[in-house]
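Report on the following structure.
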Amino acid sequence: MPNNSRRLKNKWISLKKLITPDTILLYADETHVRSYQILRATWSEAGRQKQVPTYGHHAHVSVFGAVNVLNGDTVLHRAVAANATTFLDFLKILKSRYPDQLIVLVLDNARIHHVKMVRDFLRQEGESFHLIFLPPYSPQLNPIERLWKWLKDAVIANVFHKDQMDIDQAIARFMEYIDQQPEEVLRRLGCAA
């Protein structure tokens, strides 16, 4: 058996030993919601194309998210930037949301997921977190990418946001909506039974 296959098999066996009914499996990622005016197909009066104004500057809000593909539960955290510090803040939010449980996070290999401050935090937390990194350039393997598409379709497609606060408020409304709609979250992710 090649070394990579053996290592992967041993890692999988180790993970299987950690999984209990109290284990939480989450798919996580971060995205940026920018004020770029995205025009998508939409209905309009014949001969009158929809117009979306712009200021010429591009405000944005970063969003960290995790989704449970078994029940549609989501945890979203808005931030001014996506960096190691804000990722660490997000991990702390997950820890407070799921105290005394093993949180298995499936996420990409972004640099902010590997920095020293994050590794130190994970070491301090002991058995609270287990991170599984997806192969490079494989967003199709992370269901939360479909949540990001839904978020951007709902928040910025065919919409003008005058500033960062306006974007932030639109994201907050989206977050409130999906918190009440776990079945629709599962359906949109392609994980509904």
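Scheme for the structure tokens: letters A, B, ... for chains in order shown; per-chain residue numbers from 1; ligand numbers from 1 in order shown.
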
Got a sec: who's within 9 Å of A:Thr31, counting only C-alpha atoms, leaving out chain neighbours fewer than 5 positions off, as a PyMOL selection string?
chain A and resi 61-65+82+145+148

Stretch 127-173 of chain A residues near stretch 71-74 of chain A within 12 Å, closest pair each, using only C-alpha atoms, as JSON lines:
{"residue": "A:Pro143", "atom": "CA", "partner": "A:Gly72", "partner_atom": "CA", "distance": 11.0}
{"residue": "A:Ile144", "atom": "CA", "partner": "A:Thr74", "partner_atom": "CA", "distance": 9.5}
{"residue": "A:Leu147", "atom": "CA", "partner": "A:Thr74", "partner_atom": "CA", "distance": 9.7}
{"residue": "A:Trp148", "atom": "CA", "partner": "A:Thr74", "partner_atom": "CA", "distance": 11.9}

Using all heavy atoms, can you write the selected residues to a file as an mmCIF file, in the first residue's frame?
data_model
loop_
_atom_site.group_PDB
_atom_site.id
_atom_site.type_symbol
_atom_site.label_atom_id
_atom_site.label_comp_id
_atom_site.auth_asym_id
_atom_site.auth_seq_id
_atom_site.Cartn_x
_atom_site.Cartn_y
_atom_site.Cartn_z
ATOM 1 N N PRO A 143 -20.203 21.726 0.558
ATOM 2 C CA PRO A 143 -21.584 22.167 0.354
ATOM 3 C C PRO A 143 -21.839 23.633 0.723
ATOM 4 O O PRO A 143 -22.756 24.245 0.195
ATOM 5 C CB PRO A 143 -22.400 21.242 1.261
ATOM 6 C CG PRO A 143 -21.532 20.071 1.515
ATOM 7 C CD PRO A 143 -20.127 20.557 1.439
ATOM 8 N N ILE A 144 -21.020 24.204 1.603
ATOM 9 C CA ILE A 144 -21.274 25.593 1.995
ATOM 10 C C ILE A 144 -21.091 26.549 0.819
ATOM 11 O O ILE A 144 -21.636 27.652 0.819
ATOM 12 C CB ILE A 144 -20.435 26.025 3.216
ATOM 13 C CG1 ILE A 144 -21.097 27.241 3.874
ATOM 14 C CG2 ILE A 144 -18.998 26.281 2.833
ATOM 15 C CD1 ILE A 144 -20.593 27.563 5.249
ATOM 16 N N LEU A 147 -24.332 27.547 -0.269
ATOM 17 C CA LEU A 147 -24.919 28.552 0.620
ATOM 18 C C LEU A 147 -24.396 29.936 0.243
ATOM 19 O O LEU A 147 -25.149 30.919 0.237
ATOM 20 C CB LEU A 147 -24.599 28.233 2.080
ATOM 21 C CG LEU A 147 -25.222 29.180 3.104
ATOM 22 C CD1 LEU A 147 -26.717 28.919 3.229
ATOM 23 C CD2 LEU A 147 -24.555 29.013 4.454
ATOM 24 N N TRP A 148 -23.109 30.039 -0.086
ATOM 25 C CA TRP A 148 -22.548 31.334 -0.489
ATOM 26 C C TRP A 148 -23.211 31.835 -1.767
ATOM 27 O O TRP A 148 -23.485 33.030 -1.898
ATOM 28 C CB TRP A 148 -21.042 31.242 -0.697
ATOM 29 C CG TRP A 148 -20.216 30.956 0.508
ATOM 30 C CD1 TRP A 148 -19.017 30.306 0.516
ATOM 31 C CD2 TRP A 148 -20.451 31.312 1.884
ATOM 32 N NE1 TRP A 148 -18.521 30.229 1.802
ATOM 33 C CE2 TRP A 148 -19.384 30.841 2.656
ATOM 34 C CE3 TRP A 148 -21.483 31.975 2.536
ATOM 35 C CZ2 TRP A 148 -19.301 31.014 4.043
ATOM 36 C CZ3 TRP A 148 -21.417 32.141 3.916
ATOM 37 C CH2 TRP A 148 -20.336 31.669 4.647
#

Test item: residues at most 6 Å from stretch 124-130 of chain A, only C-alpha atoms, excluding those fewer than 6 positions along its chain, as a tab-separated table (two decimals) with all heavy atoms, in the first residue's frame:
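Below you can see result_21.tsv, which holds the result:
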chain	number	residue	atom	x	y	z
A	102	LEU	N	-17.08	17.41	20.27
A	102	LEU	CA	-16.03	17.40	19.26
A	102	LEU	C	-16.60	18.04	18.00
A	102	LEU	O	-17.64	17.61	17.49
A	102	LEU	CB	-15.56	15.98	18.95
A	102	LEU	CG	-14.63	15.83	17.75
A	102	LEU	CD1	-13.32	16.57	17.99
A	102	LEU	CD2	-14.38	14.37	17.44
A	103	ILE	N	-15.94	19.07	17.50
A	103	ILE	CA	-16.37	19.75	16.29
A	103	ILE	C	-15.41	19.33	15.17
A	103	ILE	O	-14.23	19.64	15.21
A	103	ILE	CB	-16.33	21.28	16.46
A	103	ILE	CG1	-17.24	21.70	17.63
A	103	ILE	CG2	-16.72	21.98	15.16
A	103	ILE	CD1	-17.03	23.13	18.09
A	104	VAL	N	-15.94	18.59	14.21
A	104	VAL	CA	-15.16	18.19	13.05
A	104	VAL	C	-15.47	19.20	11.95
A	104	VAL	O	-16.62	19.32	11.52
A	104	VAL	CB	-15.51	16.76	12.59
A	104	VAL	CG1	-14.73	16.40	11.32
A	104	VAL	CG2	-15.21	15.75	13.70

Name the residues in contact with A:Arg146 at a cut-off of 12 Å, using only C-alpha atoms, excluding same-chain residues fewer than 5 positions from it; report them as number ranges by chain.
A: 27-29, 31, 65-67, 69, 139-141, 151-153, 185-191

Mind writing the picked residues with N, CA, C and O atoms as a JSON list (two decimals), in the first residue's frame?
[["chain", "number", "residue", "atom", "x", "y", "z"],
["A", 27, "TYR", "N", -19.28, 21.78, 7.64],
["A", 27, "TYR", "CA", -18.52, 22.21, 6.48],
["A", 27, "TYR", "C", -18.38, 23.72, 6.61],
["A", 27, "TYR", "O", -19.37, 24.43, 6.77],
["A", 28, "ALA", "N", -17.14, 24.21, 6.58],
["A", 28, "ALA", "CA", -16.87, 25.61, 6.86],
["A", 28, "ALA", "C", -16.11, 26.28, 5.72],
["A", 28, "ALA", "O", -15.40, 25.62, 4.96],
["A", 29, "ASP", "N", -16.26, 27.60, 5.65],
["A", 29, "ASP", "CA", -15.56, 28.39, 4.65],
["A", 29, "ASP", "C", -15.79, 29.86, 4.99],
["A", 29, "ASP", "O", -16.58, 30.19, 5.89],
["A", 31, "THR", "N", -16.27, 33.84, 2.89],
["A", 31, "THR", "CA", -16.52, 34.50, 1.61],
["A", 31, "THR", "C", -16.55, 36.00, 1.84],
["A", 31, "THR", "O", -16.60, 36.47, 2.97],
["A", 65, "GLY", "N", -18.60, 30.99, 7.74],
["A", 65, "GLY", "CA", -19.78, 30.16, 7.92],
["A", 65, "GLY", "C", -19.45, 28.71, 8.11],
["A", 65, "GLY", "O", -18.39, 28.22, 7.68],
["A", 66, "ALA", "N", -20.37, 28.03, 8.77],
["A", 66, "ALA", "CA", -20.30, 26.58, 8.92],
["A", 66, "ALA", "C", -21.72, 26.05, 8.83],
["A", 66, "ALA", "O", -22.65, 26.67, 9.34],
["A", 67, "VAL", "N", -21.88, 24.91, 8.19],
["A", 67, "VAL", "CA", -23.21, 24.32, 8.03],
["A", 67, "VAL", "C", -23.14, 22.84, 8.37],
["A", 67, "VAL", "O", -22.19, 22.14, 8.03],
["A", 69, "VAL", "N", -24.70, 19.50, 7.49],
["A", 69, "VAL", "CA", -25.47, 18.96, 6.37],
["A", 69, "VAL", "C", -26.48, 17.90, 6.80],
["A", 69, "VAL", "O", -27.24, 17.41, 5.97],
["A", 139, "PRO", "N", -13.69, 23.37, -4.61],
["A", 139, "PRO", "CA", -14.84, 23.96, -3.90],
["A", 139, "PRO", "C", -16.12, 23.13, -4.07],
["A", 139, "PRO", "O", -17.01, 23.19, -3.22],
["A", 140, "GLN", "N", -16.18, 22.33, -5.13],
["A", 140, "GLN", "CA", -17.38, 21.52, -5.36],
["A", 140, "GLN", "C", -17.57, 20.46, -4.27],
["A", 140, "GLN", "O", -18.65, 19.92, -4.11],
["A", 141, "LEU", "N", -16.51, 20.20, -3.48],
["A", 141, "LEU", "CA", -16.61, 19.21, -2.40],
["A", 141, "LEU", "C", -17.15, 19.81, -1.10],
["A", 141, "LEU", "O", -17.40, 19.08, -0.15],
["A", 151, "LEU", "N", -26.56, 33.15, -0.77],
["A", 151, "LEU", "CA", -26.37, 34.42, -0.07],
["A", 151, "LEU", "C", -26.15, 35.56, -1.06],
["A", 151, "LEU", "O", -26.79, 36.61, -1.00],
["A", 152, "LYS", "N", -25.25, 35.36, -2.00],
["A", 152, "LYS", "CA", -24.93, 36.42, -2.96],
["A", 152, "LYS", "C", -26.09, 36.70, -3.91],
["A", 152, "LYS", "O", -26.35, 37.85, -4.27],
["A", 153, "ASP", "N", -26.81, 35.65, -4.30],
["A", 153, "ASP", "CA", -28.01, 35.86, -5.13],
["A", 153, "ASP", "C", -29.04, 36.68, -4.37],
["A", 153, "ASP", "O", -29.71, 37.55, -4.94],
["A", 185, "VAL", "N", -32.38, 25.24, 3.75],
["A", 185, "VAL", "CA", -30.92, 25.20, 3.70],
["A", 185, "VAL", "C", -30.48, 23.85, 3.15],
["A", 185, "VAL", "O", -29.68, 23.78, 2.22],
["A", 186, "LEU", "N", -31.03, 22.77, 3.71],
["A", 186, "LEU", "CA", -30.67, 21.42, 3.24],
["A", 186, "LEU", "C", -31.01, 21.24, 1.76],
["A", 186, "LEU", "O", -30.23, 20.66, 1.01],
["A", 187, "ARG", "N", -32.16, 21.73, 1.37],
["A", 187, "ARG", "CA", -32.59, 21.60, -0.03],
["A", 187, "ARG", "C", -31.63, 22.36, -0.95],
["A", 187, "ARG", "O", -31.18, 21.83, -1.97],
["A", 188, "ARG", "N", -31.28, 23.57, -0.57],
["A", 188, "ARG", "CA", -30.37, 24.38, -1.38],
["A", 188, "ARG", "C", -28.96, 23.78, -1.45],
["A", 188, "ARG", "O", -28.26, 23.97, -2.44],
["A", 189, "LEU", "N", -28.57, 23.09, -0.40],
["A", 189, "LEU", "CA", -27.24, 22.47, -0.38],
["A", 189, "LEU", "C", -27.24, 21.15, -1.14],
["A", 189, "LEU", "O", -26.18, 20.57, -1.38],
["A", 190, "GLY", "N", -28.42, 20.65, -1.49],
["A", 190, "GLY", "CA", -28.51, 19.34, -2.14],
["A", 190, "GLY", "C", -28.39, 18.21, -1.14],
["A", 190, "GLY", "O", -28.01, 17.10, -1.50],
["A", 191, "CYS", "N", -28.73, 18.48, 0.13],
["A", 191, "CYS", "CA", -28.58, 17.48, 1.19],
["A", 191, "CYS", "C", -29.92, 17.05, 1.78],
["A", 191, "CYS", "O", -29.95, 16.35, 2.78]]

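Here the question is which of A:Arg48, A:Lys162, A:Arg119, A:His60 gets nearest to A:Leu88 using only C-alpha atoms, and that residue is A:Arg119.
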
Would you mind writing down, as an MDAnalysis selection string, each residue of stretch 23-167 of chain A that DSSP on the backbone assigns to alpha helix (DSSP H)?
chainID A and resid 84:97 116:125 144:155 164:167

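Atom CA of A:Leu26 is positioned 6.2 Å from atom CA of A:Val106.
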
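Using only C-alpha atoms, the shortest contact distance between A:His32 and any of A:Ala172, A:Ala157, A:Ile167, A:Leu70 is found at A:Ile167.
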
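In this structure, atom CA of A:Gln181 sits 27.8 Å away from atom CA of A:Asp163.
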
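Of the listed residues A:Met175, A:Val33, A:Leu134, A:Leu76, the one whose atoms come nearest to A:Ala59 is A:Val33, with distances taken using only C-alpha atoms.
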
DSSP on the backbone, then: every residue of stretch 68-112 of chain A marked strand (DSSP E), written as a tab-separated table (two decimals) with all heavy atoms, in the first residue's frame.
chain	number	residue	atom	x	y	z
A	74	THR	N	-26.93	26.35	10.70
A	74	THR	CA	-25.84	27.18	10.18
A	74	THR	C	-25.32	28.11	11.27
A	74	THR	O	-26.07	28.53	12.15
A	74	THR	CB	-26.29	28.04	8.98
A	74	THR	OG1	-27.39	28.84	9.39
A	74	THR	CG2	-26.69	27.19	7.80
A	75	VAL	N	-24.05	28.40	11.18
A	75	VAL	CA	-23.42	29.40	12.04
A	75	VAL	C	-22.70	30.36	11.09
A	75	VAL	O	-21.81	29.95	10.36
A	75	VAL	CB	-22.40	28.77	13.01
A	75	VAL	CG1	-21.76	29.85	13.88
A	75	VAL	CG2	-23.05	27.70	13.87
A	76	LEU	N	-23.15	31.61	11.06
A	76	LEU	CA	-22.52	32.61	10.22
A	76	LEU	C	-22.01	33.74	11.10
A	76	LEU	O	-22.66	34.11	12.09
A	76	LEU	CB	-23.51	33.17	9.18
A	76	LEU	CG	-24.08	32.16	8.18
A	76	LEU	CD1	-25.04	32.86	7.23
A	76	LEU	CD2	-22.99	31.47	7.41
A	77	HIS	N	-20.85	34.27	10.73
A	77	HIS	CA	-20.23	35.35	11.49
A	77	HIS	C	-19.72	36.40	10.52
A	77	HIS	O	-18.89	36.10	9.66
A	77	HIS	CB	-19.08	34.79	12.33
A	77	HIS	CG	-18.22	35.81	12.98
A	77	HIS	ND1	-18.70	36.71	13.91
A	77	HIS	CD2	-16.90	36.09	12.83
A	77	HIS	CE1	-17.71	37.50	14.30
A	77	HIS	NE2	-16.61	37.13	13.66
A	78	ARG	N	-20.24	37.62	10.64
A	78	ARG	CA	-19.81	38.72	9.78
A	78	ARG	C	-18.55	39.35	10.38
A	78	ARG	O	-18.43	39.50	11.59
A	78	ARG	CB	-20.92	39.75	9.65
A	78	ARG	CG	-22.17	39.16	9.05
A	78	ARG	CD	-23.31	40.15	8.83
A	78	ARG	NE	-23.61	41.09	9.88
A	78	ARG	CZ	-24.44	40.87	10.91
A	78	ARG	NH1	-25.01	39.69	11.05
A	78	ARG	NH2	-24.68	41.80	11.79
A	79	ALA	N	-17.63	39.75	9.50
A	79	ALA	CA	-16.38	40.37	9.94
A	79	ALA	C	-15.96	41.41	8.90
A	79	ALA	O	-16.43	41.39	7.77
A	79	ALA	CB	-15.29	39.30	10.08
A	103	ILE	N	-15.94	19.07	17.50
A	103	ILE	CA	-16.37	19.75	16.29
A	103	ILE	C	-15.41	19.33	15.17
A	103	ILE	O	-14.23	19.64	15.21
A	103	ILE	CB	-16.33	21.28	16.46
A	103	ILE	CG1	-17.24	21.70	17.63
A	103	ILE	CG2	-16.72	21.98	15.16
A	103	ILE	CD1	-17.03	23.13	18.09
A	104	VAL	N	-15.94	18.59	14.21
A	104	VAL	CA	-15.16	18.19	13.05
A	104	VAL	C	-15.47	19.20	11.95
A	104	VAL	O	-16.62	19.32	11.52
A	104	VAL	CB	-15.51	16.76	12.59
A	104	VAL	CG1	-14.73	16.40	11.32
A	104	VAL	CG2	-15.21	15.75	13.70
A	105	LEU	N	-14.46	19.94	11.54
A	105	LEU	CA	-14.61	20.97	10.51
A	105	LEU	C	-13.98	20.50	9.21
A	105	LEU	O	-12.80	20.12	9.20
A	105	LEU	CB	-13.90	22.26	10.91
A	105	LEU	CG	-14.59	23.23	11.84
A	105	LEU	CD1	-13.71	24.45	12.06
A	105	LEU	CD2	-15.93	23.65	11.31
A	106	VAL	N	-14.76	20.52	8.15
A	106	VAL	CA	-14.24	20.23	6.81
A	106	VAL	C	-14.10	21.58	6.12
A	106	VAL	O	-15.08	22.32	6.00
A	106	VAL	CB	-15.20	19.31	6.03
A	106	VAL	CG1	-14.65	19.03	4.64
A	106	VAL	CG2	-15.46	18.02	6.79
A	107	LEU	N	-12.88	21.91	5.70
A	107	LEU	CA	-12.64	23.23	5.12
A	107	LEU	C	-11.50	23.18	4.12
A	107	LEU	O	-10.81	22.16	4.00
A	107	LEU	CB	-12.38	24.27	6.20
A	107	LEU	CG	-11.18	24.13	7.11
A	107	LEU	CD1	-10.99	25.44	7.89
A	107	LEU	CD2	-11.35	23.02	8.12
